[in-house]
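Undergrad: Here you go, this is entry-v4.cif (mmCIF, C-alpha atoms).
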```
data_run
#
loop_
_atom_site.label_atom_id
_atom_site.label_comp_id
_atom_site.auth_asym_id
_atom_site.auth_seq_id
_atom_site.Cartn_x
_atom_site.Cartn_y
_atom_site.Cartn_z
CA MET O 239 115.56 89.76 58.06
CA LYS O 240 112.84 88.57 60.44
CA VAL O 241 109.81 90.73 61.24
CA PRO O 242 107.32 89.29 63.75
CA LEU O 243 103.68 90.38 63.72
CA LEU O 244 104.22 91.72 67.25
CA ASP O 245 107.39 91.97 69.35
CA LEU O 246 106.52 92.30 73.03
CA LYS O 247 110.14 91.73 74.02
CA ALA O 248 111.08 94.89 72.18
CA GLN O 249 108.47 96.83 74.14
CA TYR O 250 109.58 95.27 77.42
CA ALA O 251 113.18 96.35 76.81
CA THR O 252 112.13 100.00 76.69
CA ILE O 253 110.39 99.96 80.10
CA GLN O 254 112.05 97.02 81.85
CA ASN O 255 113.14 98.87 84.99
CA GLU O 256 109.73 100.51 85.49
CA LEU O 257 107.86 97.23 85.03
CA GLU O 258 110.09 95.22 87.31
CA ALA O 259 109.91 97.81 90.09
CA ALA O 260 106.11 98.00 89.87
CA THR O 261 105.56 94.25 89.80
CA LEU O 262 108.04 93.61 92.60
CA LYS O 263 106.26 96.16 94.79
CA ALA O 264 102.91 94.46 94.11
CA LEU O 265 104.38 91.06 94.92
CA ARG O 266 105.93 92.28 98.16
CA ASP O 267 102.75 94.06 99.28
CA GLY O 268 100.82 90.79 99.02
CA LYS O 269 97.46 92.41 98.18
CA TYR O 270 96.85 90.31 95.09
CA ILE O 271 93.08 90.66 94.73
CA LEU O 272 91.68 94.18 94.25
CA GLY O 273 94.84 95.67 95.71
CA PRO O 274 95.51 99.42 95.69
CA GLU O 275 96.93 99.37 92.18
CA VAL O 276 93.52 98.32 90.82
CA GLY O 277 91.85 101.43 92.21
CA GLU O 278 94.75 103.59 91.03
CA LEU O 279 94.45 102.18 87.53
CA GLU O 280 90.68 102.69 87.46
CA CYS O 281 91.16 106.35 88.40
CA ALA O 282 93.96 106.78 85.89
CA LEU O 283 91.89 105.22 83.09
CA ALA O 284 88.93 107.44 83.98
CA GLY O 285 91.23 110.43 83.68
CA TYR O 286 92.68 109.18 80.42
CA THR O 287 89.38 108.40 78.72
CA GLY O 288 87.27 111.12 80.28
CA ALA O 289 84.75 108.60 81.61
CA LYS O 290 83.21 109.24 85.01
CA ASP O 291 83.90 105.68 86.14
CA VAL O 292 86.13 102.79 85.06
CA ILE O 293 85.71 99.34 86.59
CA GLY O 294 88.44 96.72 86.18
CA CYS O 295 87.60 93.09 85.47
CA ALA O 296 89.33 89.84 84.53
CA SER O 297 89.23 90.13 80.72
CA GLY O 298 87.75 91.96 77.78
CA SER O 299 85.41 89.00 77.30
CA ASP O 300 84.13 89.38 80.86
CA ALA O 301 83.72 93.12 80.30
CA LEU O 302 81.22 92.40 77.53
CA LEU O 303 79.40 89.87 79.68
CA LEU O 304 79.22 92.24 82.65
CA ALA O 305 77.95 95.09 80.47
CA LEU O 306 75.11 92.94 79.18
CA MET O 307 74.34 91.70 82.69
CA ALA O 308 74.19 95.28 83.93
CA LEU O 309 71.48 95.95 81.34
CA ASP O 310 69.61 92.80 82.46
CA ILE O 311 69.88 91.27 78.99
CA GLY O 312 68.50 87.73 78.85
CA PRO O 313 66.23 85.27 77.02
CA GLY O 314 63.83 86.92 74.59
CA ASP O 315 66.07 89.93 74.10
CA GLU O 316 67.90 90.78 70.88
CA VAL O 317 71.32 92.40 70.64
CA ILE O 318 72.59 93.73 67.32
CA THR O 319 76.27 93.49 66.46
CA THR O 320 78.71 92.67 63.67
CA PRO O 321 79.73 89.22 62.43
CA HIS O 322 83.24 90.54 61.63
CA THR O 323 84.75 90.55 65.11
CA PHE O 324 86.33 88.27 67.70
CA PHE O 325 84.17 85.51 69.17
CA ALA O 326 83.86 87.18 72.59
CA THR O 327 81.46 89.85 71.33
CA VAL O 328 78.81 87.30 70.42
CA GLY O 329 79.81 84.71 73.00
CA ALA O 330 78.75 87.06 75.79
CA ILE O 331 75.30 87.55 74.22
CA ALA O 332 74.80 83.81 73.77
CA ARG O 333 75.84 82.97 77.34
CA LEU O 334 72.98 85.09 78.68
CA GLY O 335 70.44 83.34 76.47
CA ALA O 336 69.78 86.43 74.35
CA LYS O 337 69.62 86.35 70.57
CA THR O 338 72.36 87.84 68.42
CA VAL O 339 71.11 89.76 65.41
CA PHE O 340 73.89 90.49 62.91
CA ALA O 341 74.27 93.53 60.69
CA ASP O 342 76.74 93.68 57.81
CA ILE O 343 79.88 95.82 57.82
CA ASP O 344 81.07 98.87 55.94
CA PRO O 345 83.68 97.61 53.42
CA VAL O 346 85.97 100.61 53.95
CA SER O 347 86.20 100.80 57.76
CA PHE O 348 85.38 97.12 58.54
CA ASN O 349 83.04 98.48 61.24
CA ILE O 350 79.30 97.86 61.48
CA SER O 351 77.21 99.38 58.68
CA VAL O 352 74.74 101.89 60.06
CA GLN O 353 72.36 101.25 57.18
CA SER O 354 72.40 97.51 57.76
CA LEU O 355 72.05 97.98 61.52
CA LYS O 356 68.96 100.17 61.17
CA SER O 357 67.26 97.47 59.12
CA LYS O 358 67.73 94.94 61.94
CA VAL O 359 66.06 96.90 64.77
CA SER O 360 62.90 95.30 66.17
CA ASN O 361 60.71 95.74 69.23
CA ARG O 362 62.88 93.11 70.92
CA THR O 363 66.16 94.98 70.41
CA ARG O 364 67.61 95.71 73.84
CA ALA O 365 71.17 96.75 72.99
CA VAL O 366 73.61 97.41 70.16
CA ILE O 367 77.29 96.47 70.32
CA PRO O 368 79.32 98.35 67.70
CA VAL O 369 82.91 97.07 67.60
CA HIS O 370 85.67 99.64 67.10
CA LEU O 371 87.68 97.25 64.97
CA PHE O 372 91.46 97.50 64.45
CA GLY O 373 91.66 100.77 66.45
CA GLN O 374 89.12 102.95 64.59
CA CYS O 375 85.74 103.92 66.01
CA ALA O 376 82.50 102.93 64.37
CA ASP O 377 80.23 105.73 63.14
CA LEU O 378 78.50 106.28 66.48
CA ASP O 379 76.26 109.33 66.12
CA PRO O 380 73.58 107.67 63.95
CA ILE O 381 73.73 104.56 66.15
CA LEU O 382 73.27 106.55 69.35
CA ALA O 383 70.41 108.45 67.69
CA LEU O 384 68.39 105.21 67.58
CA GLY O 385 67.81 105.52 71.33
CA ILE O 386 68.87 101.94 72.05
CA PRO O 387 71.48 101.29 74.77
CA VAL O 388 74.93 101.11 73.15
CA ILE O 389 77.79 99.02 74.50
CA GLU O 390 80.98 100.08 72.74
CA ASP O 391 83.30 97.13 72.19
CA ALA O 392 86.54 99.09 72.43
CA ALA O 393 88.78 96.07 73.07
CA GLN O 394 91.10 97.21 70.26
CA ALA O 395 90.52 100.92 70.63
CA ILE O 396 91.58 102.41 73.96
CA GLY O 397 92.70 105.94 73.13
CA ALA O 398 90.93 106.02 69.77
CA LYS O 399 88.62 109.00 69.26
CA TYR O 400 85.35 109.71 67.49
CA LYS O 401 84.77 113.40 66.77
CA GLY O 402 87.23 114.26 69.53
CA LYS O 403 85.70 111.98 72.17
CA GLN O 404 87.39 108.86 73.48
CA ALA O 405 86.19 105.40 72.53
CA GLY O 406 84.14 103.87 75.32
CA THR O 407 82.68 107.15 76.59
CA LEU O 408 79.82 107.80 74.18
CA GLY O 409 77.51 104.85 74.79
CA ALA O 410 75.96 103.48 77.97
CA MET O 411 79.19 101.54 78.57
CA GLY O 412 82.49 100.83 76.92
CA THR O 413 84.45 97.60 77.24
CA PHE O 414 88.22 97.24 77.01
CA SER O 415 90.69 94.37 76.77
CA PHE O 416 94.22 94.34 78.15
CA PHE O 417 95.23 91.16 76.35
CA PRO O 418 98.99 91.41 75.67
CA SER O 419 98.56 92.14 71.95
CA LYS O 420 96.47 95.26 72.57
CA ASN O 421 97.97 98.77 72.44
CA LEU O 422 97.64 98.79 76.23
CA GLY O 423 98.39 95.17 77.06
CA GLY O 424 99.15 93.41 80.30
CA VAL O 425 101.21 90.31 80.98
CA GLY O 426 98.11 88.13 80.95
CA ASP O 427 94.36 88.63 80.74
CA GLY O 428 92.63 91.75 81.96
CA GLY O 429 89.79 94.08 81.07
CA ALA O 430 87.74 97.08 82.12
CA LEU O 431 84.43 98.85 81.60
CA SER O 432 83.76 102.57 81.37
CA THR O 433 80.52 104.42 81.99
CA ASN O 434 79.19 107.87 82.77
CA ASP O 435 76.21 106.44 84.67
CA PRO O 436 76.89 106.16 88.45
CA ALA O 437 74.15 103.55 88.89
CA LEU O 438 75.64 101.32 86.19
CA ALA O 439 79.10 101.78 87.69
CA GLU O 440 77.91 100.64 91.10
CA LYS O 441 76.07 97.68 89.60
CA LEU O 442 79.17 96.61 87.67
CA ARG O 443 81.33 96.76 90.81
CA ILE O 444 78.86 94.46 92.56
CA LEU O 445 78.47 92.08 89.61
CA ARG O 446 82.24 91.52 89.29
CA VAL O 447 82.48 90.17 92.86
CA HIS O 448 79.78 87.48 92.73
CA GLY O 449 77.03 90.10 93.10
CA SER O 450 77.93 90.77 96.72
CA LYS O 451 77.93 93.98 98.76
CA PRO O 452 78.89 93.83 101.53
CA LYS O 453 80.96 90.66 101.36
CA TYR O 454 78.90 87.45 101.68
CA TYR O 455 75.62 89.36 101.10
CA HIS O 456 74.46 88.82 97.53
CA SER O 457 71.90 91.18 96.07
CA LEU O 458 72.65 90.18 92.47
CA LEU O 459 73.65 87.02 90.62
CA GLY O 460 77.17 88.07 89.68
CA VAL O 461 80.39 86.45 88.53
CA ASN O 462 84.00 86.29 89.70
CA SER O 463 85.76 88.77 87.42
CA ARG O 464 88.36 90.85 89.20
CA LEU O 465 91.38 92.49 87.60
CA ASP O 466 94.54 91.08 89.18
CA THR O 467 96.59 93.56 91.19
CA LEU O 468 99.71 92.44 89.35
CA GLN O 469 98.12 93.24 85.99
CA ALA O 470 97.02 96.64 87.28
CA ALA O 471 100.58 97.40 88.35
CA VAL O 472 101.85 96.58 84.87
CA LEU O 473 99.12 98.59 83.17
CA LEU O 474 99.77 101.66 85.33
CA VAL O 475 103.33 101.70 84.02
CA LYS O 476 102.30 101.16 80.42
CA LEU O 477 99.52 103.74 80.47
CA LYS O 478 102.13 106.48 80.84
CA HIS O 479 103.61 105.46 77.49
CA LEU O 480 100.38 104.74 75.64
CA ASN O 481 100.02 108.01 73.71
CA ASN O 482 103.61 107.76 72.46
CA TRP O 483 102.94 104.18 71.34
CA HIS O 484 99.81 105.33 69.52
CA GLU O 485 101.82 107.95 67.66
CA GLY O 486 104.44 105.33 66.78
CA ARG O 487 101.76 103.12 65.26
CA ARG O 488 100.28 106.07 63.38
CA ARG O 489 103.68 107.01 61.97
CA ASN O 490 104.20 103.43 60.83
CA ALA O 491 100.76 103.38 59.23
CA SER O 492 101.51 106.61 57.37
CA ARG O 493 104.80 105.16 56.13
CA TYR O 494 103.06 101.99 54.94
CA ASP O 495 100.43 104.11 53.18
CA ALA O 496 103.16 105.88 51.22
CA LEU O 497 105.19 102.76 50.42
CA LEU O 498 102.19 100.65 49.37
CA LYS O 499 100.35 103.36 47.47
CA GLY O 500 99.23 102.57 43.96
CA ILE O 501 99.68 98.80 44.02
CA PRO O 502 96.97 97.34 41.76
CA GLY O 503 94.88 94.81 43.64
CA LEU O 504 95.88 95.99 47.13
CA VAL O 505 93.69 98.17 49.36
CA THR O 506 95.30 99.87 52.36
CA PRO O 507 93.39 101.05 55.46
CA VAL O 508 91.35 104.25 55.31
CA ALA O 509 91.18 106.48 58.38
CA SER O 510 87.93 108.41 58.70
CA ALA O 511 88.20 112.18 59.03
CA ASP O 512 85.99 111.90 62.13
CA CYS O 513 88.32 109.45 63.85
CA TYR O 514 91.69 109.31 65.56
CA HIS O 515 92.86 105.84 64.45
CA ILE O 516 95.28 104.06 66.83
CA TYR O 517 96.07 101.14 64.50
CA ASN O 518 95.89 98.15 66.78
CA GLN O 519 96.17 96.45 63.41
CA TYR O 520 97.21 97.63 59.95
CA THR O 521 94.89 95.56 57.79
CA VAL O 522 95.14 95.44 54.00
CA ARG O 523 92.79 93.78 51.53
CA THR O 524 93.47 91.74 48.42
CA ALA O 525 91.73 88.98 46.49
CA GLN O 526 95.10 87.19 46.60
CA ARG O 527 95.24 87.24 50.41
CA ASP O 528 96.29 83.64 51.03
CA ALA O 529 99.02 83.72 48.37
CA LEU O 530 100.31 87.04 49.74
CA ARG O 531 100.40 85.64 53.25
CA ASP O 532 102.36 82.60 52.08
CA HIS O 533 104.80 84.90 50.26
CA LEU O 534 105.34 86.99 53.41
CA THR O 535 105.70 83.94 55.63
CA LYS O 536 108.47 82.62 53.39
CA ALA O 537 110.19 85.99 53.81
CA ASN O 538 110.03 85.64 57.65
CA ILE O 539 107.34 88.31 58.00
CA GLY O 540 104.57 87.68 60.52
CA THR O 541 100.95 88.29 59.54
CA GLU O 542 97.51 87.43 60.87
CA ILE O 543 94.01 87.05 59.48
CA TYR O 544 91.37 88.89 61.51
CA TYR O 545 89.00 87.01 61.12
CA PRO O 546 88.95 84.03 58.73
CA VAL O 547 85.38 82.87 59.45
CA PRO O 548 82.57 85.39 60.09
CA LEU O 549 80.67 84.66 63.26
CA HIS O 550 77.36 84.01 61.49
CA LEU O 551 79.07 81.02 59.80
CA GLN O 552 80.65 79.59 62.95
CA LYS O 553 79.38 76.12 63.89
CA CYS O 554 78.51 77.12 67.45
CA PHE O 555 76.10 79.78 66.18
CA ALA O 556 74.36 77.57 63.60
CA SER O 557 71.13 77.73 65.62
CA LEU O 558 70.80 81.41 64.68
CA GLY O 559 69.90 80.24 61.18
CA TYR O 560 72.27 82.32 59.09
CA LYS O 561 73.88 81.05 55.90
CA ALA O 562 76.66 81.98 53.48
CA GLY O 563 75.70 85.05 51.51
CA ASP O 564 73.67 86.70 54.28
CA PHE O 565 76.38 89.28 55.02
CA PRO O 566 78.43 89.61 51.84
CA GLU O 567 80.71 92.43 53.00
CA ALA O 568 81.71 90.60 56.17
CA GLU O 569 82.32 87.43 54.18
CA ARG O 570 84.41 89.27 51.61
CA ALA O 571 86.47 90.92 54.36
CA ALA O 572 87.09 87.52 55.92
CA ALA O 573 88.43 86.26 52.59
CA GLU O 574 90.55 89.29 51.71
CA SER O 575 91.94 90.81 54.92
CA LEU O 576 95.53 90.49 56.12
CA SER O 577 97.18 92.36 58.99
CA LEU O 578 100.82 93.44 58.75
CA PRO O 579 103.28 94.25 61.57
CA ILE O 580 102.54 97.74 62.92
CA TYR O 581 103.87 97.80 66.51
CA PRO O 582 105.65 101.04 67.52
CA GLU O 583 109.06 99.42 68.04
CA LEU O 584 109.11 98.33 64.39
CA THR O 585 112.27 99.78 62.85
CA GLY O 586 112.29 101.75 59.63
CA GLU O 587 114.38 99.04 58.04
CA GLN O 588 111.90 96.34 59.05
CA LEU O 589 108.91 98.34 57.80
CA GLU O 590 110.56 99.02 54.45
CA TYR O 591 111.41 95.32 54.14
CA VAL O 592 107.74 94.40 54.70
CA ALA O 593 106.55 96.96 52.16
CA ALA O 594 109.17 95.91 49.59
CA THR O 595 108.19 92.26 50.02
CA VAL O 596 104.52 93.12 49.47
CA ARG O 597 105.41 95.11 46.36
CA ALA O 598 107.52 92.25 45.04
CA PHE O 599 104.54 89.90 45.33
CA PHE O 600 102.31 92.09 43.19
CA ALA O 601 105.11 92.75 40.68
CA ARG O 602 105.45 89.06 39.80
#
```
Represent the structure from my file as structure tokens, please.
TA:
Amino acid sequence: MKVPLLDLKAQYATIQNELEAATLKALRDGKYILGPEVGELECALAGYTGAKDVIGCASGSDALLLALMALDIGPGDEVITTPHTFFATVGAIARLGAKTVFADIDPVSFNISVQSLKSKVSNRTRAVIPVHLFGQCADLDPILALGIPVIEDAAQAIGAKYKGKQAGTLGAMGTFSFFPSKNLGGVGDGGALSTNDPALAEKLRILRVHGSKPKYYHSLLGVNSRLDTLQAAVLLVKLKHLNNWHEGRRRNASRYDALLKGIPGLVTPVASADCYHIYNQYTVRTAQRDALRDHLTKANIGTEIYYPVPLHLQKCFASLGYKAGDFPEAERAAAESLSLPIYPELTGEQLEYVAATVRAFFAR
């Protein structure tokens, strides 16, 4: 049996007719840049998340950059975030000349540790970026209570909830990615921002089109970051199925929990009682991570390591002055974490094969 980490062809087969009709219409209409589907998607996402405004952009990476630009973050400013995340979170801070200040993670949720974060606040702190990693929200209430602007990195968490409220709607802004591997993924790059602040929403709309309004009149120094009409057409189709896909992932996670329960040396994900976890990834932990991954690979089971090198130890961020041992929980997570297939089209037979193969490794 072969079980890929993600099977987008299986998803495509379930909505093929809808997708092809939507994309063909967009192609025939010829309005490829900020066409009507972009506005329709923004309205639909606002309705889905409960945010007052959603602004489409070219990628989740650009969403982070635009959010920081909207807060006028720049040289001399500090932004606190986690070292256990994808490069884009910190890359956006660095590109604006601001300083990244890292806080360690909670070993259970993989999300930023509130206690560590509080110890990093200074009079230069201009923003905090908690990352809702793997589809579960960070513990936001104590972070919001600090009174510092919060940008929620919800790239992996559209539809996830914290105390009944949607990810991306509690802070000053939320940022989303529509990279194909996300629960709501396009057929290429795409992203969006959410906010309940009309002034920020207007500023973001101007920033994404070179800072111009009206056209050719530039009040701000913006960037070119527009969501393609074709991607919006695809995402409008997929959004209708998103809640069902979330429930499929949650069912698979529950089945894994039962099948992998009680294995010495293996830690399965823990969903907080305050959160609705959408399982963009099902990430286990073991001190034997690399050997387990090799075992699964030989059994034709796809896996991924998110993320093998914490950002404070990446060469490009050496100038920040961090060293090994500064964030022990993030470093331990990088050495122990392994993500298993969790996509909603995963069959029961495939899931049981993955679980049985994991069990066989620890029974050796």
Undergrad: Spell out the residues picked by the PyMOL selection byres ((chain O and resi 415) around 8) here, as a list of chain:residue names.
TA: O:Ser297, O:Gly298, O:Ser299, O:Ala301, O:Ala392, O:Ala393, O:Gln394, O:Thr413, O:Phe414, O:Phe416, O:Phe417, O:Lys420, O:Gly423, O:Asp427, O:Gly428, O:Gly429, O:Ala430
Undergrad: List as a list in words the protein and nucleic acid residues near Pro502 of chain O, meaning an atom at most 10 Å away when all atoms listed in the file are counted, but skip any in the same chain fewer than 2 places from it.
TA: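 That gives Leu498, Lys499, Gly500, Leu504, Val505, Thr524, Arg597, Phe600 and Ala601 of chain O.
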Undergrad: Assuming the chain letters and numbering stay as they are in my file, what does the PyMOL selection byres ((chain O and resi 321) around 7) actually select? List them as an mmCIF file with C-alpha atoms, keeping the file's coordinate frame.
TA:
```cif
data_model
loop_
_atom_site.group_PDB
_atom_site.id
_atom_site.type_symbol
_atom_site.label_atom_id
_atom_site.label_comp_id
_atom_site.auth_asym_id
_atom_site.auth_seq_id
_atom_site.Cartn_x
_atom_site.Cartn_y
_atom_site.Cartn_z
ATOM 1 C CA THR O 319 76.270 93.490 66.460
ATOM 2 C CA THR O 320 78.710 92.670 63.670
ATOM 3 C CA HIS O 322 83.240 90.540 61.630
ATOM 4 C CA THR O 323 84.750 90.550 65.110
ATOM 5 C CA PHE O 340 73.890 90.490 62.910
ATOM 6 C CA PRO O 548 82.570 85.390 60.090
ATOM 7 C CA LEU O 549 80.670 84.660 63.260
ATOM 8 C CA HIS O 550 77.360 84.010 61.490
ATOM 9 C CA ALA O 568 81.710 90.600 56.170
#
```
Undergrad: Near segment 431-436 of chain O, counting all atoms listed in the file, which residues have an atom at most 9 Å away, once you skip same-chain residues fewer than 3 positions from it, shown as a list in words?
TA: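 The residues satisfying every condition are Leu283, Ala284, Thr287, Ala289, Lys290, Asp291, Val292, Ile293, Gly294, Cys295, Gly298, Ala301, Leu302, Leu304, Ala305, Gly406, Thr407, Leu408, Gly409, Ala410, Met411, Gly412, Thr413, Phe414, Ala439, Glu440, Lys441 and Leu442 of chain O.
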Undergrad: For a test of reading the model, state the distance in Å between atom CA of Val241 of chain O and atom CA of Gly397 of chain O, rounded to one decimal.
TA: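 Pair atom CA of Val241 of chain O / atom CA of Gly397 of chain O returns 25.8 Å.
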Undergrad: Which residues come within 12 Å of Trp483 of chain O, counting all atoms listed in the file, excluding same-chain residues fewer than 3 positions away, as JSON, numbers by chain?
TA: {"O": [249, 252, 396, 397, 420, 421, 422, 423, 476, 477, 478, 479, 480, 486, 487, 488, 489, 490, 516, 517, 518, 580, 581, 582, 583, 584]}
Undergrad: Output C-alpha atoms for every residue in that selection, as a PDB file, keeping the file's coordinate frame.
TA:
```
ATOM      1  CA  GLN O 249     108.470  96.830  74.140  1.00  0.00           C
ATOM      2  CA  THR O 252     112.130 100.000  76.690  1.00  0.00           C
ATOM      3  CA  ILE O 396      91.580 102.410  73.960  1.00  0.00           C
ATOM      4  CA  GLY O 397      92.700 105.940  73.130  1.00  0.00           C
ATOM      5  CA  LYS O 420      96.470  95.260  72.570  1.00  0.00           C
ATOM      6  CA  ASN O 421      97.970  98.770  72.440  1.00  0.00           C
ATOM      7  CA  LEU O 422      97.640  98.790  76.230  1.00  0.00           C
ATOM      8  CA  GLY O 423      98.390  95.170  77.060  1.00  0.00           C
ATOM      9  CA  LYS O 476     102.300 101.160  80.420  1.00  0.00           C
ATOM     10  CA  LEU O 477      99.520 103.740  80.470  1.00  0.00           C
ATOM     11  CA  LYS O 478     102.130 106.480  80.840  1.00  0.00           C
ATOM     12  CA  HIS O 479     103.610 105.460  77.490  1.00  0.00           C
ATOM     13  CA  LEU O 480     100.380 104.740  75.640  1.00  0.00           C
ATOM     14  CA  GLY O 486     104.440 105.330  66.780  1.00  0.00           C
ATOM     15  CA  ARG O 487     101.760 103.120  65.260  1.00  0.00           C
ATOM     16  CA  ARG O 488     100.280 106.070  63.380  1.00  0.00           C
ATOM     17  CA  ARG O 489     103.680 107.010  61.970  1.00  0.00           C
ATOM     18  CA  ASN O 490     104.200 103.430  60.830  1.00  0.00           C
ATOM     19  CA  ILE O 516      95.280 104.060  66.830  1.00  0.00           C
ATOM     20  CA  TYR O 517      96.070 101.140  64.500  1.00  0.00           C
ATOM     21  CA  ASN O 518      95.890  98.150  66.780  1.00  0.00           C
ATOM     22  CA  ILE O 580     102.540  97.740  62.920  1.00  0.00           C
ATOM     23  CA  TYR O 581     103.870  97.800  66.510  1.00  0.00           C
ATOM     24  CA  PRO O 582     105.650 101.040  67.520  1.00  0.00           C
ATOM     25  CA  GLU O 583     109.060  99.420  68.040  1.00  0.00           C
ATOM     26  CA  LEU O 584     109.110  98.330  64.390  1.00  0.00           C
TER      27      LEU O 584
END
```
Undergrad: Rank O:Ala471, O:Ile350, O:Ala398, O:Val317 by their smallest atom-to-atom distance to Ala365 of chain O, using only C-alpha atoms, and report the top residue only.
TA: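 Distance minimum relative to Ala365 of chain O lands on O:Val317.
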Undergrad: When distances are computed from only C-alpha atoms, which of O:Leu378, O:Ala572, O:Ala341, O:Ala308 shows the smallest separation from Cys513 of chain O?
TA: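 Going through O:Leu378, O:Ala572, O:Ala341, O:Ala308 one by one, the smallest distance to Cys513 of chain O is for O:Leu378.
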Undergrad: Residues picked by the PyMOL selection byres ((chain O and resi 374) around 8) here, as a CSV table (one decimal) with C-alpha atoms, in the coordinates of the input?
TA:
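Just written: out-v9.csv:
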```csv
chain,number,residue,atom,x,y,z
O,347,SER,CA,86.2,100.8,57.8
O,370,HIS,CA,85.7,99.6,67.1
O,371,LEU,CA,87.7,97.2,65.0
O,372,PHE,CA,91.5,97.5,64.4
O,373,GLY,CA,91.7,100.8,66.4
O,375,CYS,CA,85.7,103.9,66.0
O,376,ALA,CA,82.5,102.9,64.4
O,395,ALA,CA,90.5,100.9,70.6
O,398,ALA,CA,90.9,106.0,69.8
O,399,LYS,CA,88.6,109.0,69.3
O,509,ALA,CA,91.2,106.5,58.4
O,513,CYS,CA,88.3,109.4,63.8
O,514,TYR,CA,91.7,109.3,65.6
O,515,HIS,CA,92.9,105.8,64.4
O,516,ILE,CA,95.3,104.1,66.8
O,517,TYR,CA,96.1,101.1,64.5
```
